[in-house]
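Structure data follow from run_27.cif (mmCIF, C-alpha atoms):
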data_structure
#
loop_
_atom_site.group_PDB
_atom_site.id
_atom_site.type_symbol
_atom_site.label_atom_id
_atom_site.label_comp_id
_atom_site.auth_asym_id
_atom_site.auth_seq_id
_atom_site.Cartn_x
_atom_site.Cartn_y
_atom_site.Cartn_z
ATOM 1 C CA MET A 279 59.883 36.977 -22.877
ATOM 2 C CA GLY A 280 61.470 37.451 -23.645
ATOM 3 C CA VAL A 281 64.172 37.878 -22.568
ATOM 4 C CA ARG A 282 65.238 41.559 -21.238
ATOM 5 C CA SER A 283 69.724 42.314 -14.151
ATOM 6 C CA ALA A 284 68.628 38.883 -13.189
ATOM 7 C CA PRO A 285 66.079 38.118 -14.205
ATOM 8 C CA SER A 286 67.086 39.802 -17.409
ATOM 9 C CA ALA A 287 64.569 41.290 -19.749
ATOM 10 C CA GLY A 288 61.560 39.105 -19.848
ATOM 11 C CA PRO A 289 61.753 35.884 -21.819
ATOM 12 C CA HIS A 290 59.100 37.069 -24.075
ATOM 13 C CA GLY A 291 60.753 40.461 -24.212
ATOM 14 C CA ALA A 292 64.319 40.884 -25.330
ATOM 15 C CA GLY A 293 67.352 42.648 -23.961
ATOM 16 C CA SER A 294 71.128 42.511 -23.832
ATOM 17 C CA GLN A 295 72.468 41.651 -20.422
ATOM 18 C CA GLY A 296 75.815 43.381 -20.893
ATOM 19 C CA ALA A 297 74.344 46.584 -22.277
ATOM 20 C CA GLY A 298 71.515 46.439 -19.741
ATOM 21 C CA GLN A 299 73.953 46.189 -16.871
ATOM 22 C CA ARG A 300 75.855 49.238 -18.112
ATOM 23 C CA ARG A 301 72.595 51.173 -18.385
ATOM 24 C CA ALA A 302 71.638 50.046 -14.882
ATOM 25 C CA ASN A 303 74.937 51.255 -13.502
ATOM 26 C CA ALA A 304 74.398 54.586 -15.215
ATOM 27 C CA GLY A 305 70.934 54.778 -13.690
ATOM 28 C CA ALA A 306 72.337 53.997 -10.274
ATOM 29 C CA ARG A 307 74.583 57.050 -10.582
ATOM 30 C CA GLY A 308 71.626 59.299 -11.289
ATOM 31 C CA PRO A 309 70.334 62.022 -8.960
ATOM 32 C CA ARG A 310 69.675 60.962 -5.438
ATOM 33 C CA GLY A 311 66.074 60.689 -4.442
ATOM 34 C CA ALA A 312 64.901 60.449 -8.042
ATOM 35 C CA PRO A 313 61.256 59.333 -8.107
ATOM 36 C CA ALA A 314 60.792 55.610 -8.710
ATOM 37 C CA ALA A 315 57.208 55.921 -9.942
ATOM 38 C CA LEU A 316 58.134 56.298 -13.612
ATOM 39 C CA PRO A 317 60.528 53.315 -13.892
ATOM 40 C CA ALA A 318 58.130 51.202 -11.810
ATOM 41 C CA ALA A 319 55.332 52.125 -14.223
ATOM 42 C CA LEU A 320 57.588 51.267 -17.177
ATOM 43 C CA VAL A 321 58.400 47.818 -15.759
ATOM 44 C CA LEU A 322 54.743 47.136 -14.905
ATOM 45 C CA THR A 323 53.590 48.241 -18.356
ATOM 46 C CA GLY A 324 56.247 46.033 -19.926
ATOM 47 C CA ALA A 325 55.090 43.071 -17.837
ATOM 48 C CA VAL A 326 51.471 43.614 -18.873
ATOM 49 C CA SER A 327 52.544 43.956 -22.514
ATOM 50 C CA VAL A 328 54.550 40.705 -22.431
ATOM 51 C CA GLN A 329 51.776 38.701 -20.810
ATOM 52 C CA ALA A 330 49.044 40.258 -22.952
ATOM 53 C CA GLY A 331 51.034 39.132 -25.983
ATOM 54 C CA ALA A 332 51.218 35.662 -24.452
ATOM 55 C CA GLY A 333 47.463 35.699 -23.875
ATOM 56 C CA ILE A 334 46.789 36.653 -27.503
ATOM 57 C CA ALA A 335 49.175 33.918 -28.624
ATOM 58 C CA ALA A 336 47.367 31.332 -26.500
ATOM 59 C CA ARG A 337 44.041 32.352 -28.032
ATOM 60 C CA LEU A 338 45.549 32.010 -31.505
ATOM 61 C CA PHE A 339 46.407 28.371 -30.783
ATOM 62 C CA GLY A 340 42.824 27.533 -31.725
ATOM 63 C CA GLN A 341 43.619 28.497 -35.332
ATOM 64 C CA VAL A 342 47.293 27.570 -35.756
ATOM 65 C CA PRO A 343 49.649 25.387 -33.670
ATOM 66 C CA PRO A 344 52.044 26.882 -31.075
ATOM 67 C CA ALA A 345 55.084 26.277 -33.331
ATOM 68 C CA ALA A 346 53.539 28.426 -36.061
ATOM 69 C CA VAL A 347 52.662 31.185 -33.579
ATOM 70 C CA THR A 348 56.273 31.143 -32.338
ATOM 71 C CA THR A 349 57.462 31.624 -35.905
ATOM 72 C CA LEU A 350 55.085 34.518 -36.519
ATOM 73 C CA ARG A 351 56.050 36.210 -33.264
ATOM 74 C CA LEU A 352 59.813 35.951 -33.791
ATOM 75 C CA TRP A 353 59.708 37.012 -37.426
ATOM 76 C CA ALA A 354 57.505 40.002 -36.585
ATOM 77 C CA ALA A 355 59.909 41.067 -33.829
ATOM 78 C CA ALA A 356 62.969 40.469 -36.038
ATOM 79 C CA LEU A 357 61.606 42.521 -38.949
ATOM 80 C CA ILE A 358 60.580 45.399 -36.677
ATOM 81 C CA MET A 359 63.993 45.405 -35.008
ATOM 82 C CA LEU A 360 65.712 45.269 -38.395
ATOM 83 C CA ALA A 361 63.705 48.298 -39.508
ATOM 84 C CA VAL A 362 64.883 50.208 -36.445
ATOM 85 C CA GLY A 363 68.430 48.928 -35.929
ATOM 86 C CA GLY A 364 69.243 47.068 -39.127
ATOM 87 C CA ARG A 365 72.090 49.345 -40.186
ATOM 88 C CA GLY A 366 73.919 48.926 -36.898
ATOM 89 C CA ALA A 367 73.388 45.169 -36.996
ATOM 90 C CA ALA A 368 74.690 44.987 -40.571
ATOM 91 C CA ARG A 369 77.806 46.945 -39.606
ATOM 92 C CA ALA A 370 78.336 44.703 -36.594
ATOM 93 C CA ALA A 371 77.983 41.543 -38.705
ATOM 94 C CA ALA A 372 80.358 42.922 -41.337
ATOM 95 C CA GLY A 373 82.840 43.804 -38.599
ATOM 96 C CA LEU A 374 82.725 40.258 -37.242
ATOM 97 C CA ALA A 375 83.448 38.864 -40.697
ATOM 98 C CA ARG A 376 86.189 41.399 -41.418
ATOM 99 C CA ARG A 377 87.954 40.723 -38.104
ATOM 100 C CA ARG A 378 87.269 36.997 -38.379
ATOM 101 C CA ALA A 379 85.950 37.173 -34.839
ATOM 102 C CA TRP A 380 84.478 33.700 -34.965
ATOM 103 C CA ARG A 381 84.146 33.403 -31.192
ATOM 104 C CA ASP A 382 82.114 36.596 -31.055
ATOM 105 C CA ALA A 383 79.980 35.347 -33.928
ATOM 106 C CA ALA A 384 79.500 32.002 -32.174
ATOM 107 C CA ALA A 385 78.410 33.736 -28.942
ATOM 108 C CA THR A 386 75.873 35.846 -30.838
ATOM 109 C CA SER A 387 74.571 32.791 -32.718
ATOM 110 C CA ALA A 388 74.275 30.863 -29.453
ATOM 111 C CA PHE A 389 72.282 33.800 -28.048
ATOM 112 C CA GLY A 390 69.874 33.436 -30.971
ATOM 113 C CA ILE A 391 69.617 29.672 -30.412
ATOM 114 C CA ALA A 392 68.747 30.223 -26.748
ATOM 115 C CA LEU A 393 66.143 32.815 -27.756
ATOM 116 C CA ALA A 394 64.531 30.417 -30.237
ATOM 117 C CA PHE A 395 64.582 27.498 -27.791
ATOM 118 C CA MET A 396 63.105 29.559 -24.969
ATOM 119 C CA ASN A 397 60.232 30.959 -27.021
ATOM 120 C CA PHE A 398 59.432 27.663 -28.728
ATOM 121 C CA ALA A 399 59.286 25.808 -25.403
ATOM 122 C CA ILE A 400 57.211 28.381 -23.521
ATOM 123 C CA TYR A 401 54.584 28.539 -26.278
ATOM 124 C CA GLN A 402 54.316 24.757 -26.129
ATOM 125 C CA ALA A 403 53.788 25.113 -22.366
ATOM 126 C CA PHE A 404 51.132 27.822 -22.837
ATOM 127 C CA ALA A 405 49.179 25.391 -25.014
ATOM 128 C CA ARG A 406 49.028 22.837 -22.177
ATOM 129 C CA ILE A 407 49.010 24.564 -18.773
ATOM 130 C CA PRO A 408 47.694 27.913 -17.450
ATOM 131 C CA LEU A 409 49.683 31.007 -18.343
ATOM 132 C CA GLY A 410 50.509 31.934 -14.738
ATOM 133 C CA ILE A 411 51.804 28.461 -13.883
ATOM 134 C CA ALA A 412 53.937 28.252 -17.055
ATOM 135 C CA VAL A 413 55.578 31.636 -16.424
ATOM 136 C CA THR A 414 56.114 30.776 -12.754
ATOM 137 C CA ILE A 415 57.969 27.569 -13.643
ATOM 138 C CA GLU A 416 59.918 29.428 -16.323
ATOM 139 C CA PHE A 417 61.162 31.856 -13.653
ATOM 140 C CA LEU A 418 63.170 29.005 -12.141
ATOM 141 C CA GLY A 419 65.718 29.685 -14.917
ATOM 142 C CA PRO A 420 66.772 33.202 -13.855
ATOM 143 C CA LEU A 421 66.486 32.101 -10.217
ATOM 144 C CA ALA A 422 69.046 29.362 -10.885
ATOM 145 C CA VAL A 423 71.380 31.876 -12.552
ATOM 146 C CA ALA A 424 71.072 34.292 -9.636
ATOM 147 C CA VAL A 425 71.728 31.556 -7.074
ATOM 148 C CA ALA A 426 74.721 30.190 -9.005
ATOM 149 C CA ALA A 427 76.215 33.683 -9.235
ATOM 150 C CA ALA A 428 75.812 34.415 -5.510
ATOM 151 C CA ARG A 429 79.034 34.983 -3.637
ATOM 152 C CA ARG A 430 79.959 32.917 -0.631
ATOM 153 C CA PRO A 431 78.538 35.298 2.052
ATOM 154 C CA ARG A 432 75.186 35.158 0.242
ATOM 155 C CA ARG A 433 75.104 31.375 -0.329
ATOM 156 C CA LEU A 434 72.947 30.645 2.738
ATOM 157 C CA ALA A 435 70.387 33.260 1.717
ATOM 158 C CA SER A 436 70.439 31.851 -1.808
ATOM 159 C CA LEU A 437 69.632 28.383 -0.513
ATOM 160 C CA ALA A 438 66.706 29.891 1.375
ATOM 161 C CA TRP A 439 65.380 31.367 -1.881
ATOM 162 C CA VAL A 440 65.765 27.960 -3.545
ATOM 163 C CA ALA A 441 63.789 26.344 -0.719
ATOM 164 C CA LEU A 442 61.054 28.977 -1.074
ATOM 165 C CA ALA A 443 60.879 28.408 -4.840
ATOM 166 C CA ALA A 444 60.713 24.640 -4.309
ATOM 167 C CA THR A 445 57.830 25.192 -1.905
ATOM 168 C CA GLY A 446 56.110 27.279 -4.562
ATOM 169 C CA VAL A 447 56.470 24.569 -7.194
ATOM 170 C CA LEU A 448 55.151 21.984 -4.733
ATOM 171 C CA LEU A 449 52.130 24.195 -4.065
ATOM 172 C CA LEU A 450 51.534 24.481 -7.806
ATOM 173 C CA THR A 451 51.480 20.713 -8.241
ATOM 174 C CA LYS A 452 49.347 20.108 -5.143
ATOM 175 C CA GLY A 453 46.957 22.933 -5.974
ATOM 176 C CA SER A 454 46.218 21.411 -9.368
ATOM 177 C CA SER A 455 44.963 18.209 -7.671
ATOM 178 C CA GLY A 456 47.272 16.126 -9.823
ATOM 179 C CA GLN A 457 45.657 17.391 -13.045
ATOM 180 C CA LEU A 458 48.624 19.478 -14.194
ATOM 181 C CA ASN A 459 49.688 18.424 -17.686
ATOM 182 C CA LEU A 460 53.134 16.832 -17.356
ATOM 183 C CA ALA A 461 54.151 17.693 -20.918
ATOM 184 C CA GLY A 462 53.258 21.321 -20.246
ATOM 185 C CA VAL A 463 55.372 21.318 -17.077
ATOM 186 C CA ALA A 464 58.265 19.728 -18.978
ATOM 187 C CA PHE A 465 58.101 22.403 -21.695
ATOM 188 C CA ALA A 466 57.994 25.142 -19.033
ATOM 189 C CA LEU A 467 61.116 23.642 -17.431
ATOM 190 C CA LEU A 468 62.818 23.587 -20.836
ATOM 191 C CA ALA A 469 61.863 27.248 -21.249
ATOM 192 C CA ALA A 470 63.419 27.917 -17.833
ATOM 193 C CA ALA A 471 66.657 26.328 -19.030
ATOM 194 C CA GLY A 472 66.432 28.419 -22.195
ATOM 195 C CA TRP A 473 65.950 31.587 -20.158
ATOM 196 C CA ALA A 474 69.008 30.760 -18.048
ATOM 197 C CA GLY A 475 71.044 30.344 -21.228
ATOM 198 C CA TYR A 476 69.515 33.542 -22.615
ATOM 199 C CA ILE A 477 70.726 35.538 -19.598
ATOM 200 C CA LEU A 478 74.268 34.190 -19.772
ATOM 201 C CA LEU A 479 74.571 34.486 -23.551
ATOM 202 C CA SER A 480 72.998 37.944 -23.699
ATOM 203 C CA ARG A 481 75.652 39.105 -21.252
ATOM 204 C CA ALA A 482 78.369 37.562 -23.428
ATOM 205 C CA THR A 483 76.908 39.152 -26.560
ATOM 206 C CA GLY A 484 76.542 42.552 -24.897
ATOM 207 C CA GLN A 485 80.231 42.495 -24.011
ATOM 208 C CA ARG A 486 81.215 41.825 -27.637
ATOM 209 C CA LEU A 487 78.858 43.984 -29.696
ATOM 210 C CA ALA A 488 77.904 47.588 -29.016
ATOM 211 C CA GLY A 489 74.326 48.711 -28.583
ATOM 212 C CA PRO A 490 71.375 46.534 -29.605
ATOM 213 C CA SER A 491 73.080 45.065 -32.693
ATOM 214 C CA GLY A 492 73.750 41.735 -30.973
ATOM 215 C CA LEU A 493 70.094 41.457 -30.012
ATOM 216 C CA VAL A 494 68.941 42.239 -33.569
ATOM 217 C CA ILE A 495 71.251 39.585 -35.015
ATOM 218 C CA ALA A 496 70.196 37.048 -32.371
ATOM 219 C CA MET A 497 66.516 37.719 -33.052
ATOM 220 C CA CYS A 498 67.063 37.061 -36.763
ATOM 221 C CA VAL A 499 68.895 33.821 -35.959
ATOM 222 C CA ALA A 500 66.019 32.755 -33.690
ATOM 223 C CA ALA A 501 63.426 33.549 -36.356
ATOM 224 C CA VAL A 502 65.287 31.498 -38.970
ATOM 225 C CA LEU A 503 65.645 28.530 -36.609
ATOM 226 C CA VAL A 504 61.924 28.250 -35.839
ATOM 227 C CA THR A 505 60.783 28.782 -39.434
ATOM 228 C CA ALA A 506 60.920 25.167 -40.603
ATOM 229 C CA PRO A 507 58.963 23.615 -37.687
ATOM 230 C CA GLY A 508 56.549 26.540 -37.659
ATOM 231 C CA VAL A 509 55.737 26.352 -41.373
ATOM 232 C CA ALA A 510 55.548 22.555 -41.275
ATOM 233 C CA ALA A 511 53.022 22.717 -38.435
ATOM 234 C CA GLY A 512 50.955 25.732 -39.460
ATOM 235 C CA ALA A 513 50.999 26.226 -43.238
ATOM 236 C CA PRO A 514 48.918 27.357 -45.016
ATOM 237 C CA GLN A 515 46.610 28.635 -42.232
ATOM 238 C CA MET A 516 49.363 30.750 -40.664
ATOM 239 C CA PHE A 517 49.638 32.874 -43.817
ATOM 240 C CA ARG A 518 46.050 34.125 -43.714
ATOM 241 C CA PRO A 519 46.060 37.959 -43.438
ATOM 242 C CA GLU A 520 44.248 38.043 -40.093
ATOM 243 C CA VAL A 521 46.658 35.495 -38.596
ATOM 244 C CA LEU A 522 49.675 37.403 -39.899
ATOM 245 C CA ALA A 523 48.293 40.633 -38.402
ATOM 246 C CA THR A 524 47.831 38.898 -35.057
ATOM 247 C CA GLY A 525 51.403 37.619 -35.265
ATOM 248 C CA VAL A 526 52.652 41.178 -35.757
ATOM 249 C CA ALA A 527 50.655 42.300 -32.703
ATOM 250 C CA ILE A 528 52.168 39.470 -30.641
ATOM 251 C CA GLY A 529 55.683 40.435 -31.781
ATOM 252 C CA LEU A 530 55.088 44.050 -30.785
ATOM 253 C CA LEU A 531 53.537 43.236 -27.418
ATOM 254 C CA SER A 532 55.863 40.400 -26.441
ATOM 255 C CA SER A 533 59.215 41.686 -27.733
ATOM 256 C CA VAL A 534 59.495 45.206 -29.124
ATOM 257 C CA ILE A 535 57.431 47.232 -26.639
ATOM 258 C CA PRO A 536 58.736 45.464 -23.485
ATOM 259 C CA TYR A 537 62.334 45.801 -24.691
ATOM 260 C CA TRP A 538 61.973 49.565 -25.114
ATOM 261 C CA LEU A 539 60.177 49.990 -21.769
ATOM 262 C CA GLU A 540 62.754 47.903 -19.881
ATOM 263 C CA PHE A 541 65.558 49.793 -21.645
ATOM 264 C CA GLU A 542 64.140 53.052 -20.321
ATOM 265 C CA ALA A 543 63.593 51.619 -16.835
ATOM 266 C CA LEU A 544 67.186 50.354 -16.626
ATOM 267 C CA ARG A 545 68.423 53.864 -17.367
ATOM 268 C CA ARG A 546 66.686 55.111 -14.217
ATOM 269 C CA VAL A 547 67.098 52.462 -11.493
ATOM 270 C CA PRO A 548 69.849 50.113 -10.260
ATOM 271 C CA ALA A 549 69.899 46.558 -11.574
ATOM 272 C CA ARG A 550 68.880 45.052 -8.213
ATOM 273 C CA VAL A 551 65.696 47.162 -8.136
ATOM 274 C CA PHE A 552 64.877 46.251 -11.723
ATOM 275 C CA GLY A 553 65.385 42.555 -10.955
ATOM 276 C CA VAL A 554 63.020 42.691 -7.994
ATOM 277 C CA TRP A 555 60.348 44.479 -10.013
ATOM 278 C CA MET A 556 60.656 41.920 -12.821
ATOM 279 C CA SER A 557 59.725 39.168 -10.358
ATOM 280 C CA MET A 558 56.084 40.277 -10.532
ATOM 281 C CA GLN A 559 55.822 38.701 -14.000
ATOM 282 C CA PRO A 560 54.301 35.383 -12.754
ATOM 283 C CA ALA A 561 51.508 37.217 -10.908
ATOM 284 C CA VAL A 562 50.832 39.422 -13.940
ATOM 285 C CA ALA A 563 50.742 36.310 -16.127
ATOM 286 C CA ALA A 564 48.212 34.669 -13.812
ATOM 287 C CA LEU A 565 45.984 37.759 -13.886
ATOM 288 C CA ILE A 566 46.200 37.998 -17.691
ATOM 289 C CA GLY A 567 45.395 34.287 -17.915
ATOM 290 C CA LEU A 568 42.307 34.875 -15.790
ATOM 291 C CA ALA A 569 41.173 37.988 -17.668
ATOM 292 C CA MET A 570 41.878 36.874 -21.245
ATOM 293 C CA LEU A 571 41.642 33.090 -21.090
ATOM 294 C CA GLY A 572 39.392 32.399 -18.096
ATOM 295 C CA GLN A 573 42.150 30.394 -16.385
ATOM 296 C CA ARG A 574 41.112 30.232 -12.732
ATOM 297 C CA LEU A 575 43.733 29.127 -10.227
ATOM 298 C CA SER A 576 43.249 27.601 -6.793
ATOM 299 C CA PRO A 577 44.444 29.394 -3.613
ATOM 300 C CA ALA A 578 47.335 26.919 -3.382
ATOM 301 C CA GLU A 579 48.412 27.746 -6.941
ATOM 302 C CA TRP A 580 48.298 31.472 -6.193
ATOM 303 C CA ALA A 581 50.400 30.821 -3.089
ATOM 304 C CA GLY A 582 52.888 28.876 -5.210
ATOM 305 C CA ILE A 583 53.138 31.738 -7.707
ATOM 306 C CA CYS A 584 53.798 34.201 -4.876
ATOM 307 C CA CYS A 585 56.513 31.952 -3.408
ATOM 308 C CA VAL A 586 58.397 31.710 -6.696
ATOM 309 C CA ALA A 587 57.994 35.445 -7.387
ATOM 310 C CA VAL A 588 59.353 36.373 -3.949
ATOM 311 C CA ALA A 589 62.228 33.905 -4.318
ATOM 312 C CA SER A 590 63.128 35.301 -7.755
ATOM 313 C CA GLY A 591 63.029 38.882 -6.506
ATOM 314 C CA GLY A 592 65.073 38.073 -3.425
ATOM 315 C CA ALA A 593 67.705 36.185 -5.392
ATOM 316 C CA ALA A 594 67.951 38.965 -7.978
ATOM 317 C CA ARG A 595 68.411 41.593 -5.275
ATOM 318 C CA GLY A 596 71.058 39.527 -3.510
ATOM 319 C CA GLN A 597 72.983 38.873 -6.728
ATOM 320 C CA ALA A 598 73.045 42.559 -7.655
ATOM 321 C CA ARG A 599 74.434 43.393 -4.215
#
What would you get if you wrote out this structure as structure tokens?
Amino acid sequence: MGVRSAPSAGPHGAGSQGAGQRRANAGARGPRGAPAALPAALVLTGAVSVQAGAGIAARLFGQVPPAAVTTLRLWAAALIMLAVGGRGAARAAAGLARRRAWRDAAATSAFGIALAFMNFAIYQAFARIPLGIAVTIEFLGPLAVAVAAARRPRRLASLAWVALAATGVLLLTKGSSGQLNLAGVAFALLAAAGWAGYILLSRATGQRLAGPSGLVIAMCVAAVLVTAPGVAAGAPQMFRPEVLATGVAIGLLSSVIPYWLEFEALRRVPARVFGVWMSMQPAVAALIGLAMLGQRLSPAEWAGICCVAVASGGAARGQAR
């Protein structure tokens, strides 16, 4: 997600807010008039990759519980990231121990806790409510961060975005004719809180550790944290070869590929543009839910998704300004 500007990298993708902001600033200083088609395509491809991974995960729930799928996804992403950036992460961890930088270590560990919490909660939501609705509710997290960070001249506009998002959530509940699973909504709200913490803690980690090493360490922490509930819920079925292979595919689609695509996009466009483009995630999730899972939404639910997406994009653009 995930995960990975405000909103940051998708919750199901992964990114470092501090490093991402520096890359965005570098992109903003690029040549004037540089074509936006490539970074827009990168962000769109990343969004499709994240939500396709979520769709595959939701289909896997028929074989193993959501907690087990979360474990497979995070371990797959952690091992792939270790293979790519393990040396840098090991040096960073050794440096923290050598300098006895316990506050930096605590910030990185908290980043991993937020990552685990966010992914665990959103997969529980996917098991209970449609993909598009779950991702739309989850977007309230980065919206809250953007509104809280707005400066005084932008406070009135921020309240307008909050009102629009509230209207969207109301449309979601009304459009479901009262049949929306309350536990699923609660898990999506918990994922939203996790995403808000993810954004703040990824920024703190990016300011303390260079490059992607903080993200690699945090991903390993997240994988370790979800192992016990995942194995307790899904063993031994989760260790079947075909299930493990699907878990690797989910890790690639939901974390590794989106992170790389968003990294490249942030090198080419300002953070405010990236944040606005990221707000299309709820609509992409709804379309993937329809195509892969047959999750049809009512016109009111589609209207609610659009309201939250517009509010998230508007708040992100205002915060970057």
Check your understanding: From the list A:Ala466, A:Ala587, A:Ala482, A:Leu575, which residue is nearest Ala384 in chain A when using all atoms listed in the file?
Key -> A:Ala482
Practice item. Could you give me, as an NGL selection string, the residues that have an atom at most 8 Å away from the point (65.7, 25.7, -31.9) in the coordinates of the file, using all atoms listed in the file? Key: :A and (391-392 or 394-395 or 398 or 500 or 503-504)
Based on the selection just made, write C-alpha atoms of those residues as a PDB file, keeping the file's coordinate frame.
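Output file part_17.pdb follows:
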ATOM      1  CA  ILE A 391      69.617  29.672 -30.412  1.00  0.00           C
ATOM      2  CA  ALA A 392      68.747  30.223 -26.748  1.00  0.00           C
ATOM      3  CA  ALA A 394      64.531  30.417 -30.237  1.00  0.00           C
ATOM      4  CA  PHE A 395      64.582  27.498 -27.791  1.00  0.00           C
ATOM      5  CA  PHE A 398      59.432  27.663 -28.728  1.00  0.00           C
ATOM      6  CA  ALA A 500      66.019  32.755 -33.690  1.00  0.00           C
ATOM      7  CA  LEU A 503      65.645  28.530 -36.609  1.00  0.00           C
ATOM      8  CA  VAL A 504      61.924  28.250 -35.839  1.00  0.00           C
TER       9      VAL A 504
END
Point to revise | Distance query Phe339 in chain A at most 12 Å, all atoms listed in the file, self and fewer than 2 positions along chain excluded, as a list of chain:residue names | key: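 The neighbour list is A:Ala332, A:Gly333, A:Ile334, A:Ala335, A:Ala336, A:Arg337, A:Gln341, A:Val342, A:Pro343, A:Pro344, A:Ala345, A:Ala346, A:Val347, A:Thr348, A:Tyr401, A:Gln402, A:Ala403, A:Phe404, A:Ala405, A:Arg406, A:Ala511, A:Gly512, A:Gln515, A:Met516, A:Val521, A:Thr524, A:Gly525, A:Leu571.
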Next, write the just-selected residues to a file, as a short mmCIF file (atom, residue, chain, number, x, y, z; two decimals), in the coordinates of the input, keeping C-alpha atoms as the atom set.
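The result, stored in part-v6.cif:
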data_model
loop_
_atom_site.label_atom_id
_atom_site.label_comp_id
_atom_site.auth_asym_id
_atom_site.auth_seq_id
_atom_site.Cartn_x
_atom_site.Cartn_y
_atom_site.Cartn_z
CA ALA A 332 51.22 35.66 -24.45
CA GLY A 333 47.46 35.70 -23.88
CA ILE A 334 46.79 36.65 -27.50
CA ALA A 335 49.18 33.92 -28.62
CA ALA A 336 47.37 31.33 -26.50
CA ARG A 337 44.04 32.35 -28.03
CA GLN A 341 43.62 28.50 -35.33
CA VAL A 342 47.29 27.57 -35.76
CA PRO A 343 49.65 25.39 -33.67
CA PRO A 344 52.04 26.88 -31.08
CA ALA A 345 55.08 26.28 -33.33
CA ALA A 346 53.54 28.43 -36.06
CA VAL A 347 52.66 31.18 -33.58
CA THR A 348 56.27 31.14 -32.34
CA TYR A 401 54.58 28.54 -26.28
CA GLN A 402 54.32 24.76 -26.13
CA ALA A 403 53.79 25.11 -22.37
CA PHE A 404 51.13 27.82 -22.84
CA ALA A 405 49.18 25.39 -25.01
CA ARG A 406 49.03 22.84 -22.18
CA ALA A 511 53.02 22.72 -38.44
CA GLY A 512 50.96 25.73 -39.46
CA GLN A 515 46.61 28.64 -42.23
CA MET A 516 49.36 30.75 -40.66
CA VAL A 521 46.66 35.49 -38.60
CA THR A 524 47.83 38.90 -35.06
CA GLY A 525 51.40 37.62 -35.26
CA LEU A 571 41.64 33.09 -21.09
#
Check your understanding: Which is closer to Ala593 in chain A than all the others in A:Arg381, A:Arg550, A:Arg369, A:Arg545, using only C-alpha atoms?
Key ->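 Of A:Arg381, A:Arg550, A:Arg369, A:Arg545, the one nearest Ala593 in chain A, counting only C-alpha atoms, is A:Arg550.
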Could you state which residues are captured by the PyMOL selection byres ((chain A and resi 540) around 7) in this file, as an mmCIF file with C-alpha atoms, in the coordinates of the input?
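Wrote out.cif, looks like this:
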data_model
loop_
_atom_site.group_PDB
_atom_site.id
_atom_site.type_symbol
_atom_site.label_atom_id
_atom_site.label_comp_id
_atom_site.auth_asym_id
_atom_site.auth_seq_id
_atom_site.Cartn_x
_atom_site.Cartn_y
_atom_site.Cartn_z
ATOM 1 C CA ARG A 282 65.238 41.559 -21.238
ATOM 2 C CA ALA A 287 64.569 41.290 -19.749
ATOM 3 C CA LEU A 320 57.588 51.267 -17.177
ATOM 4 C CA VAL A 321 58.400 47.818 -15.759
ATOM 5 C CA GLY A 324 56.247 46.033 -19.926
ATOM 6 C CA PRO A 536 58.736 45.464 -23.485
ATOM 7 C CA TYR A 537 62.334 45.801 -24.691
ATOM 8 C CA TRP A 538 61.973 49.565 -25.114
ATOM 9 C CA LEU A 539 60.177 49.990 -21.769
ATOM 10 C CA PHE A 541 65.558 49.793 -21.645
ATOM 11 C CA GLU A 542 64.140 53.052 -20.321
ATOM 12 C CA ALA A 543 63.593 51.619 -16.835
ATOM 13 C CA LEU A 544 67.186 50.354 -16.626
#
Practice item. Work out how far CA of Ile566 in chain A is from CA of Ala330 in chain A, in Å to one decimal. Key: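 Separation of CA of Ala330 in chain A and CA of Ile566 in chain A: 6.4 Å.
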Point to revise | Picked residues, the PyMOL selection byres ((chain A and resi 463) around 10), as a PyMOL selection string | key: chain A and resi 400+402-404+406-407+411-412+415-416+451+458-462+464-469
Need the shell around Leu565 in chain A: protein/DNA/RNA residues with any atom at most 10 Å away, counting all atoms listed in the file. Skip same-chain ones fewer than 4 positions apart. Format as a PDB file with C-alpha atoms, in the coordinates of the input?
ATOM      1  CA  VAL A 326      51.471  43.614 -18.873  1.00  0.00           C
ATOM      2  CA  GLN A 329      51.776  38.701 -20.810  1.00  0.00           C
ATOM      3  CA  ALA A 330      49.044  40.258 -22.952  1.00  0.00           C
ATOM      4  CA  LEU A 409      49.683  31.007 -18.343  1.00  0.00           C
ATOM      5  CA  GLY A 410      50.509  31.934 -14.738  1.00  0.00           C
ATOM      6  CA  GLN A 559      55.822  38.701 -14.000  1.00  0.00           C
ATOM      7  CA  PRO A 560      54.301  35.383 -12.754  1.00  0.00           C
ATOM      8  CA  ALA A 561      51.508  37.217 -10.908  1.00  0.00           C
ATOM      9  CA  ALA A 569      41.173  37.988 -17.668  1.00  0.00           C
ATOM     10  CA  MET A 570      41.878  36.874 -21.245  1.00  0.00           C
ATOM     11  CA  LEU A 571      41.642  33.090 -21.090  1.00  0.00           C
ATOM     12  CA  GLY A 572      39.392  32.399 -18.096  1.00  0.00           C
ATOM     13  CA  GLN A 573      42.150  30.394 -16.385  1.00  0.00           C
ATOM     14  CA  ARG A 574      41.112  30.232 -12.732  1.00  0.00           C
ATOM     15  CA  LEU A 575      43.733  29.127 -10.227  1.00  0.00           C
TER      16      LEU A 575
END
Exercise for review: Enter the distance from CA of Leu434 in chain A to CA of Gly446 in chain A, in Å, rounded to one decimal.
Suggested key: 18.7 Å
Practice item. Please measure the separation of CA of Ser576 in chain A and CA of Ile528 in chain A, giving the value in Å to one decimal. Key: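 Distance between the two atoms: 28.1 Å.
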